[in-house]
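Structure, as structure tokens:
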Amino acid sequence: MRQWGCLLGSFAAMLLLVLFLARDGSYDEMTNPVRRSLRSIIPWQQHGVSLIAENHNRVVLDNGIVKLIFSNPEGNVIGIQYKGLDILEMGNEEDNRGYWDLVWKKNTTDKLQATKFKVITARPDQAEISFLRTYDVSLGNGTNIIPLTVDKRYILQRGASGFYAYGIFERLEGWPGVQDMDQIRMVFKLEQAKFDYMALSDTRQRMMPIAADRGNGEQLAYKEAVLLTDPSNPEFRGEVDDKYQYSIEDKDNKVHGWISTDESVGFWMITPSDEFRTGGPFKQDLTSHVGPTTLSMFVSTHYAGKDLGIKFEEGKAWKKVFGPVFVYLNSAPSSKNSTSILWNNAKQQLLKEVKIWPYNFTQSKDFPSSDQRGSVSGQLQIHDRYINESLLPASSAYVGLAAPGEVGSWQRENKGYQFWNQADEEGRFILKDVRPGNYSLYAWVPGVVGDYKYEGDITIIPGCNIKLDNLTFEPPRNGPTLWEIGIPDRTAAEFYVPDPYPTLLNNLYNHIPSENFRQYGLWARYGERYPHGDLVYTVGVNNYTDHWFYAQVTKNTGDETYVGTTWEVVFELHNVTNPGIYTLQLALASAHNAEVQVRINSQSDKRPLFSTKLIGGDNAIARHGIHGFHVSAGSLEMQKTGRRSLRHWGWLVGTLAAMLILVVYLVGEKKYEKTTPKTSTLLLRKILERYPRTQRQGMNILKMPTSGRNFARPPYPGINMVTNNNGRRIIARTENPRVSMLRSQSQIRLDNGFLQLTVSRPGGDVIGIKYKGSDNLLEHKNLRNNRGYWDVVWNKPGESLHYVDKLQATKFRVIVATADQVEISFIKTYNVSQQHSAHAVPLDVDKRYIMRRGRSGFYAYAIFECREGWPEMKMEQIRMVYKLQHEKFQYMVLSDTRQTFMPKARDRKNGEQLAYPEAVRLTKPSNRAFKGQVDDKYQYSMEDKDNKVHGWISTDNSMGFWMITPSDEFRSAGPMKQGLTSHVGPTTLSMFLSTHYAGKQTGIELKRGEAWKKVFGPVFVYLNSTPRSNNSTSTLWNDATVQMAEEVKRWPYNFTQSEDFPPSDQRGSVSGRLIVHDRYMSKSLLSASSAYVGLAAPGEVGSWQKESKGYQFWTRADKQGHFLIKDVRPGNYSLYGWVPGIVGDYKYEADIEIKPGSKIQLANLTYEPPRNGPTLWEIGIPDRSAAEFYVPDPYPTLMNKLYNNDHSDKFRQYGLWKRYEELYPDHDLIYSIGVNDYRHDWFYAHVTRSTGKERYVGTTWQIRFKLNSVMSQGNYTLQLALASATSSEIQVRFNDPSVKQPHFSTGLIGGDNAIARHGIHGLYWFFSVNVPSSLLQEGTNTIYLTQSRGGAPFRGVMYDYIRLEGPSIRHPDT
């Protein structure tokens, strides 16, 4: 009977539910008994979804994790509880917590208050509810209620830690028209007492001010921008806060939100698809901002202007679904890294939501599921005969479907849906899950100007899979490129973005250089940069990254009056075709109330040759956007006059971008009518009749003023400019020939039209390099294996004899050979039977060379491998060497300040050897200017962190040969390790491993049977040229540095064919923040400002500076200690760091495993430097260098004049160590605390002293100081940091130099030889010396520092920093 009773009870419950569901779902029509039944039935089982309606004015959804409370029938979210915690700001009015709103007709806001509640579905696993607002036609236009029916939907599922929300907006035929529907959004205002940390991306996240701080602040140029003058948290004092600083492009705007750091709870807005957004993937929108407020923006005119507002003519019908989006909540145990854990978890949830999109659980028929959608796929190619006769793949093109329209109309489209994806490197694309409907297919290609549109419309029906034939995009082009400025990528990011005002910073962006444009007030920097005139840019001389301001803005003439500005582009041409038409292509990244006028060679002409007219309203300059709407401003065609005029001189790649992103490039004579772009084009034949001097002999000037209108308002009208990143810069070209390969039995020749590379076969040595038809640039008089080669210096255990293996290969392979790229391999295979051979290093070595189409150089790398069971050995040097023609290359360049004409190799042979073979005094040089100078290859060393590009210039041929190293990951011993660069020969090196400035402990030692593999490189050997002029060396060097920056940007390369070199998507990253806790410096934590933070093989603290077998990845933290280490190879690492100004080394407590695609965000890391008590006195600066100490002047007869005028590099002069004896002829150094100054009285190196007949003895330095009292309780501490040591021992004695046993000794240390090799540091050493108080006395004390090892002139140490600390209790002498 009990069983029957249970069954009947269950049946009755189910019947009540069926009765409820059988009704139309309206809450208002439910009877009280049914309501009671619903409340008693739900939840049906544990953790099911319950739906409760209370008192006609509340609706509650609860799944045991999240509880939602809605106003009934308005449909506002008036409460969110997560695990019992209130999330929304309950102090706000109910319609100001979680709501939808809409802005229309002259900024009228409609909060879309519903009038009817419905239950769409109510099951144990899901509840979907609706709040409906129906438009009453009788209202007409005389109300603030917009003529729309709006259905706001919310879904809560069993087990979900969040809820879904979407809205269905509909107009019926016959309804009144709508103007300027400029914004549709969903808003959540969170409890400000809880949510204090905002996260937008991996790098854009931080603690935030509160709304009251903005209210107490100073409004700046517009109300959204506020200077925080009296914030509740003093850390924010003096910062600027502006909600537009937190905008994101829609393609990246997938998850953002807030964290309550006290509760370790996160609130996230997740948008799994952009299909319902407007303006395409690059449309920028607001996200989260101070409030704390989180937004989901569905429609906005921000960064676009009124063009993107939705308008309807009277009677026009329309329907669109906005969403669903997912509001996600999460929590984590409270810890130092809880923000990182919550953010990473939110990103994982985003991926889950994207994976299940389009959702199959929504109940609206207006949201089709995946099986009711279709797809489109194909391949986009580019045909630009002036770049290549063949079709080129539209690599990484953005391809999308949007409402049918004109070319590029997608970025103004707002009523329909859009579906976008990015093509692969071959231009292949697939657009999945497209709603049924009619579309046009649009595209644009990064690096290529213009927009593509498929010729026919595309109709999507449920289940279709449309495969298009190969699509060909012919970009706007009338002739070959003469010069370019910028990168056609629809942004102005590549141009010069100035540093922000120190008093107007948002510290979120201090450590993100790529986001610097988001700082406030940058536009005002233009007037400071050009106070007396406007920007003048000379093609072939200037560099757009440094000399083209990111925005062409107005200028303030005082009294809040702003006038237009005129920028000049100066260029030269010769051999101008007559007759002929030239074209100026102009593309803009943004425009706001601007007009660009173009004049040629005459600024006084009243009527411009071309004008954009008044365009734009995206306000991107004021809103810290580096782009807004892309504007194809058109093509300006110019015809030559009867006079012979313009000389061709050179060109720059890219496009002009100014907030009207000016893609400007000048193309030559129009040859093919069918390539004429469809954008607006001005034929200037008639104009030239009116302006007969449009083109003139020699220098020509292209003037681009913004309109001359005066603006009595802030200087936001203006333009902002864009450019091309294909590496084209100084050398003009009309097209890039394919890469060809010619093979013979003895050599392989690669040719790409720029250069010809010849490699010996099978040895793999570079025996010839020809550039633009030149003779061999390598020294052809040398043997074939002594021109361009790899070598290894190694030795066998227990042997002092070193061997040099030039790694002659025995096997040649073609890895890949296409028109775009050839990669070839030369393999040296080790045979175990060779282990008794003197010179064959026990390694397999695969030397690779890559030549690519359009690149003015070649790439080189090598894969070194030792297999199990092979003999043990130790390597001290691995390098690649190029020996150039000594008659051609005379000028060497290492940096902006270290460049000069150089002597020849024979000058060294005829000179006088000094203390060691590398140092030679030039006594009979071929150029008398070098007579008496010293030349030493170690004088040209450089720290690896700075060793990115160096090389030689042929001044006769105005040609440069450069070694570019875009990454240090394959180098050894960390970023401060010094290595050789270029030197007399002329020789250029790429040093992958060396013991210079470090000692033998930084070599690679492989035990018997130890397997090992490492990839060295790729590096890029770059060649360039320029017309001869007085500043050709500067032009070539500047161009090489630009090329270096481009190579760094491309790293890690994605074109290498070895599986041992992972591309970017197979790597990971680590980010975090390092802070310093030194209670004797500050009671609070200090930011590890500018800290060096890196990943290297697991080891002890500081072991990274002796580690060579693995890879290292280093970066520099920002002022707040934030760091990001990108593109890390998979593997196990330790995280190390050191902080300039702080002694010691940091090591993270646990090892870190990097997996492909991993993005590890660490919590705040705390470094507690060595410290036992308060500072009594200190000598020097703890920066791992002796540069701050006294460096003497060089001997006048032993100078290298390269360093005569550079005081910071004076330590590189020869023989400075000898100056010590002259300064202290009768006694050693004595330094008195409080009297002497270490900059003048502390010699840079503690060296030996000569007693005659090549005998050298140790020296003893004294530090004298006074103590007013000596604390008997507790010990004192002497902190001793050394910047270098070579076969030295420092003995420390206190107050008694005669004590035979020193109170402390370092023991015999060091082998970096930095004193002899003109290095101001070598390896870092740190010692913490315990000093019993019994060794000290009241009054004067003396510390004796004895460098006890003599026997050679170069034995000694360089000190970094010395500090005496008192006992841990407060000391009266502190």
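Chain labels follow the order of the structure tokens: the first chain is A, the next B, and so on; residue numbering restarts at 1 in every chain, and ligands are counted from 1 in their shown order.
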
Residues near stretch 246-249 of chain A, cut-off 10 Å, only C-alpha atoms, skip fewer than 5 positions along chain, as JSON, numbers by chain:
{"A": [198, 199, 200, 201, 204, 205, 241, 254, 256, 280, 281, 282, 283, 284, 285, 286, 287, 288, 289, 290, 302, 303, 508, 518, 623, 624, 625]}

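Backbone DSSP over stretch 339-475 of chain A gives alpha helix (DSSP H) for Thr339, Ser340, Ile341, Leu342, Trp343, Asn344, Asn345, Ala346, Lys347, Gln348, Gln349, Leu350, Leu351, Lys352, Glu353, Val354 and Lys355 of chain A.
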
Would you list the contacts of A:Asp805 as a list in words, taking every protein, DNA or RNA residue within 8 Å and counting only C-alpha atoms, but skipping same-chain residues closer than 3 positions in sequence?
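In the requested form, the answer reads Asp791, Val792, Val793, Trp794, Gln808, His839, Ala840 and Val841 of chain A.
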
Atom CA of A:Leu156 to atom CA of A:Met90, distance in Å rounded to a single decimal:
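Calculated distance between atom CA of A:Leu156 and atom CA of A:Met90 is 21.5 Å.
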
Can you pull out the residues contacting stretch 1114-1119 of chain A? Cut-off 12 Å, using only C-alpha atoms, and skip same-chain residues under 3 positions away; I want them as number ranges by chain.
A: 507-513, 944-945, 967-976, 1069-1075, 1086-1096, 1104-1105, 1111, 1122-1128, 1134-1140

Go ahead and save the residues from that selection, with C-alpha atoms, as a PDB file, in the first residue's frame.
```
ATOM      1  CA  ASN A 507      49.532  52.232 -14.299  1.00  0.00           C
ATOM      2  CA  LEU A 508      47.778  49.251 -15.853  1.00  0.00           C
ATOM      3  CA  TYR A 509      49.620  50.009 -19.096  1.00  0.00           C
ATOM      4  CA  ASN A 510      53.038  50.925 -17.737  1.00  0.00           C
ATOM      5  CA  HIS A 511      54.242  47.368 -18.306  1.00  0.00           C
ATOM      6  CA  ILE A 512      52.510  46.728 -21.642  1.00  0.00           C
ATOM      7  CA  PRO A 513      54.346  48.692 -24.362  1.00  0.00           C
ATOM      8  CA  ASP A 944      73.662  39.240 -24.910  1.00  0.00           C
ATOM      9  CA  LYS A 945      70.536  41.220 -23.990  1.00  0.00           C
ATOM     10  CA  SER A 967      66.090  35.892 -29.573  1.00  0.00           C
ATOM     11  CA  ASP A 968      68.510  34.884 -26.805  1.00  0.00           C
ATOM     12  CA  GLU A 969      66.717  31.641 -25.995  1.00  0.00           C
ATOM     13  CA  PHE A 970      69.507  29.484 -27.449  1.00  0.00           C
ATOM     14  CA  ARG A 971      72.375  31.455 -25.932  1.00  0.00           C
ATOM     15  CA  SER A 972      73.984  30.489 -22.642  1.00  0.00           C
ATOM     16  CA  ALA A 973      74.368  31.941 -19.151  1.00  0.00           C
ATOM     17  CA  GLY A 974      71.600  34.532 -19.204  1.00  0.00           C
ATOM     18  CA  PRO A 975      71.063  38.046 -20.525  1.00  0.00           C
ATOM     19  CA  MET A 976      74.114  39.672 -18.873  1.00  0.00           C
ATOM     20  CA  SER A1069      54.013  31.713 -21.406  1.00  0.00           C
ATOM     21  CA  VAL A1070      54.505  32.644 -17.764  1.00  0.00           C
ATOM     22  CA  SER A1071      53.431  35.893 -16.191  1.00  0.00           C
ATOM     23  CA  GLY A1072      53.279  37.313 -12.726  1.00  0.00           C
ATOM     24  CA  ARG A1073      54.569  40.030 -10.487  1.00  0.00           C
ATOM     25  CA  LEU A1074      57.741  40.100  -8.418  1.00  0.00           C
ATOM     26  CA  ILE A1075      57.785  42.136  -5.253  1.00  0.00           C
ATOM     27  CA  LEU A1086      58.221  47.060  -2.746  1.00  0.00           C
ATOM     28  CA  SER A1087      57.765  46.546  -6.466  1.00  0.00           C
ATOM     29  CA  ALA A1088      60.675  44.717  -8.085  1.00  0.00           C
ATOM     30  CA  SER A1089      61.031  47.550 -10.572  1.00  0.00           C
ATOM     31  CA  SER A1090      62.850  46.610 -13.783  1.00  0.00           C
ATOM     32  CA  ALA A1091      63.736  43.183 -12.414  1.00  0.00           C
ATOM     33  CA  TYR A1092      65.285  40.627 -14.729  1.00  0.00           C
ATOM     34  CA  VAL A1093      63.038  37.557 -14.634  1.00  0.00           C
ATOM     35  CA  GLY A1094      63.771  34.394 -16.541  1.00  0.00           C
ATOM     36  CA  LEU A1095      63.195  30.704 -17.038  1.00  0.00           C
ATOM     37  CA  ALA A1096      66.177  28.362 -17.196  1.00  0.00           C
ATOM     38  CA  TRP A1104      71.209  30.262 -14.538  1.00  0.00           C
ATOM     39  CA  GLN A1105      74.403  32.294 -15.075  1.00  0.00           C
ATOM     40  CA  TYR A1111      67.241  27.193 -23.268  1.00  0.00           C
ATOM     41  CA  HIS A1122      54.903  42.793 -13.563  1.00  0.00           C
ATOM     42  CA  PHE A1123      56.490  40.455 -16.066  1.00  0.00           C
ATOM     43  CA  LEU A1124      55.481  38.299 -19.025  1.00  0.00           C
ATOM     44  CA  ILE A1125      57.761  35.645 -20.489  1.00  0.00           C
ATOM     45  CA  LYS A1126      56.380  34.669 -23.887  1.00  0.00           C
ATOM     46  CA  ASP A1127      57.015  31.945 -26.429  1.00  0.00           C
ATOM     47  CA  VAL A1128      58.686  29.525 -24.039  1.00  0.00           C
ATOM     48  CA  SER A1134      62.971  27.094 -12.693  1.00  0.00           C
ATOM     49  CA  LEU A1135      62.003  30.744 -12.527  1.00  0.00           C
ATOM     50  CA  TYR A1136      64.850  33.044 -11.523  1.00  0.00           C
ATOM     51  CA  GLY A1137      65.164  36.766 -11.032  1.00  0.00           C
ATOM     52  CA  TRP A1138      67.326  39.576  -9.772  1.00  0.00           C
ATOM     53  CA  VAL A1139      66.477  43.198  -9.103  1.00  0.00           C
ATOM     54  CA  PRO A1140      68.745  46.143  -9.963  1.00  0.00           C
TER      55      PRO A1140
END
```

Residues of stretch 127-193 of chain A in strand (DSSP E or B), written as number ranges by chain
A: 127-133, 149-157, 162-171, 178-181, 183-190

Between A:Ser260, A:Asn786, A:Ser1034, A:Ser760, which is the closest to A:Lys811 once you count only C-alpha atoms?
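That would be A:Ser760, the residue with the smallest distance to A:Lys811.
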
Tell me, as a compact mmCIF listing (two decimals) with all heavy atoms, in the first residue's frame, which residues lie within 9 Å of A:Tyr1203, counting only C-alpha atoms; anything in the same chain fewer than 4 positions away does not count.
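Once everything was written out, this is selection_13.txt:
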```txt
# COMPACT_ATOMS: atom_id res chain seq x y z
N ARG A 898 78.52 53.01 -30.83
CA ARG A 898 79.75 52.23 -31.05
C ARG A 898 79.84 51.87 -32.54
O ARG A 898 79.46 50.78 -32.95
CB ARG A 898 79.76 50.98 -30.17
CG ARG A 898 79.73 51.29 -28.69
CD ARG A 898 79.53 50.03 -27.87
NE ARG A 898 80.69 49.14 -27.92
CZ ARG A 898 80.71 47.91 -27.42
NH1 ARG A 898 79.60 47.41 -26.88
NH2 ARG A 898 81.79 47.16 -27.50
N MET A 1199 95.20 54.11 -26.70
CA MET A 1199 93.78 54.41 -26.77
C MET A 1199 93.13 53.75 -27.98
O MET A 1199 93.77 53.53 -29.00
CB MET A 1199 93.56 55.94 -26.83
CG MET A 1199 94.03 56.69 -25.60
SD MET A 1199 93.84 58.47 -25.76
CE MET A 1199 92.08 58.60 -25.73
N HIS A 1207 81.95 58.37 -22.23
CA HIS A 1207 82.42 58.11 -20.87
C HIS A 1207 81.86 56.78 -20.34
O HIS A 1207 82.55 56.08 -19.59
CB HIS A 1207 82.01 59.26 -19.95
CG HIS A 1207 82.43 59.06 -18.54
ND1 HIS A 1207 83.75 59.24 -18.14
CD2 HIS A 1207 81.75 58.67 -17.43
CE1 HIS A 1207 83.84 58.99 -16.83
NE2 HIS A 1207 82.65 58.65 -16.38
N SER A 1208 80.64 56.43 -20.72
CA SER A 1208 80.03 55.22 -20.18
C SER A 1208 80.75 53.96 -20.63
O SER A 1208 80.63 52.91 -20.00
CB SER A 1208 78.55 55.14 -20.58
OG SER A 1208 78.43 55.04 -21.99
N ASP A 1209 81.49 54.03 -21.74
CA ASP A 1209 82.23 52.88 -22.25
C ASP A 1209 83.74 53.03 -22.05
O ASP A 1209 84.52 52.30 -22.66
CB ASP A 1209 81.93 52.68 -23.74
CG ASP A 1209 80.67 51.88 -23.96
OD1 ASP A 1209 80.37 51.00 -23.13
OD2 ASP A 1209 79.98 52.13 -24.96
N LYS A 1210 84.15 53.94 -21.17
CA LYS A 1210 85.58 54.17 -20.98
C LYS A 1210 86.30 52.93 -20.46
O LYS A 1210 87.49 52.72 -20.72
CB LYS A 1210 85.79 55.35 -20.02
CG LYS A 1210 87.25 55.76 -19.89
CD LYS A 1210 87.40 57.12 -19.21
CE LYS A 1210 86.97 57.08 -17.76
NZ LYS A 1210 87.34 58.31 -17.03
N PHE A 1211 85.60 52.08 -19.74
CA PHE A 1211 86.23 50.87 -19.20
C PHE A 1211 86.74 49.93 -20.30
O PHE A 1211 87.51 49.00 -20.02
CB PHE A 1211 85.24 50.11 -18.31
CG PHE A 1211 84.02 49.59 -19.02
CD1 PHE A 1211 84.02 48.35 -19.64
CD2 PHE A 1211 82.86 50.35 -19.07
CE1 PHE A 1211 82.91 47.87 -20.29
CE2 PHE A 1211 81.73 49.87 -19.72
CZ PHE A 1211 81.75 48.63 -20.35
N ARG A 1212 86.30 50.15 -21.55
CA ARG A 1212 86.73 49.28 -22.64
C ARG A 1212 88.14 49.62 -23.15
O ARG A 1212 88.67 48.91 -24.02
CB ARG A 1212 85.73 49.35 -23.79
CG ARG A 1212 84.32 48.92 -23.40
CD ARG A 1212 83.38 48.88 -24.61
NE ARG A 1212 82.00 48.68 -24.21
CZ ARG A 1212 81.46 47.49 -23.93
NH1 ARG A 1212 82.19 46.40 -24.00
NH2 ARG A 1212 80.19 47.40 -23.59
N GLN A 1213 88.73 50.70 -22.67
CA GLN A 1213 90.08 51.05 -23.09
C GLN A 1213 91.10 50.05 -22.54
O GLN A 1213 90.91 49.46 -21.48
CB GLN A 1213 90.43 52.47 -22.63
CG GLN A 1213 89.56 53.57 -23.23
CD GLN A 1213 89.97 53.94 -24.65
OE1 GLN A 1213 90.77 53.25 -25.29
NE2 GLN A 1213 89.39 55.03 -25.16
```

What's the 6 Å shell around stretch 851-866 of chain A, counting only C-alpha atoms, without same-chain residues fewer than 3 positions away, as a list in words?
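With the cut-off at 6 Å, the set is Asn736, Arg738, Val739, Asn752, Phe754, Asp820, Gln821, Val822, Leu843, Asp844, Val845, Asp846, Lys847, Arg848, Ala1011, Trp1012, Lys1013, Lys1014, Val1015, Phe1016, Gly1017, Pro1018, Val1019, Phe1020, Val1021, Tyr1022 and Leu1023 of chain A.
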
Would you kindly return, as a list in words, each protein, DNA or RNA residue with an atom no farther than 10 Å from any atom of A:Lys415, considering only C-alpha atoms and excluding same-chain residues fewer than 3 positions away?
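The residues that qualify are Phe276, Arg277, Thr278, Gly279, Val299, Leu308, Gly309, Ile310, Lys311, Phe312, Trp318, Lys319, Lys320, Ala402, Ala403, Arg412 and Gln418 of chain A.
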
Could you please determine the separation between atom CA of A:Thr1342 and atom CA of A:Ile1233 in Å, to one decimal place?
10.2 Å

Report the distance between atom CA of A:Tyr1148 and atom CA of A:Glu1178 in Å, rounded to one decimal place.
27.8 Å
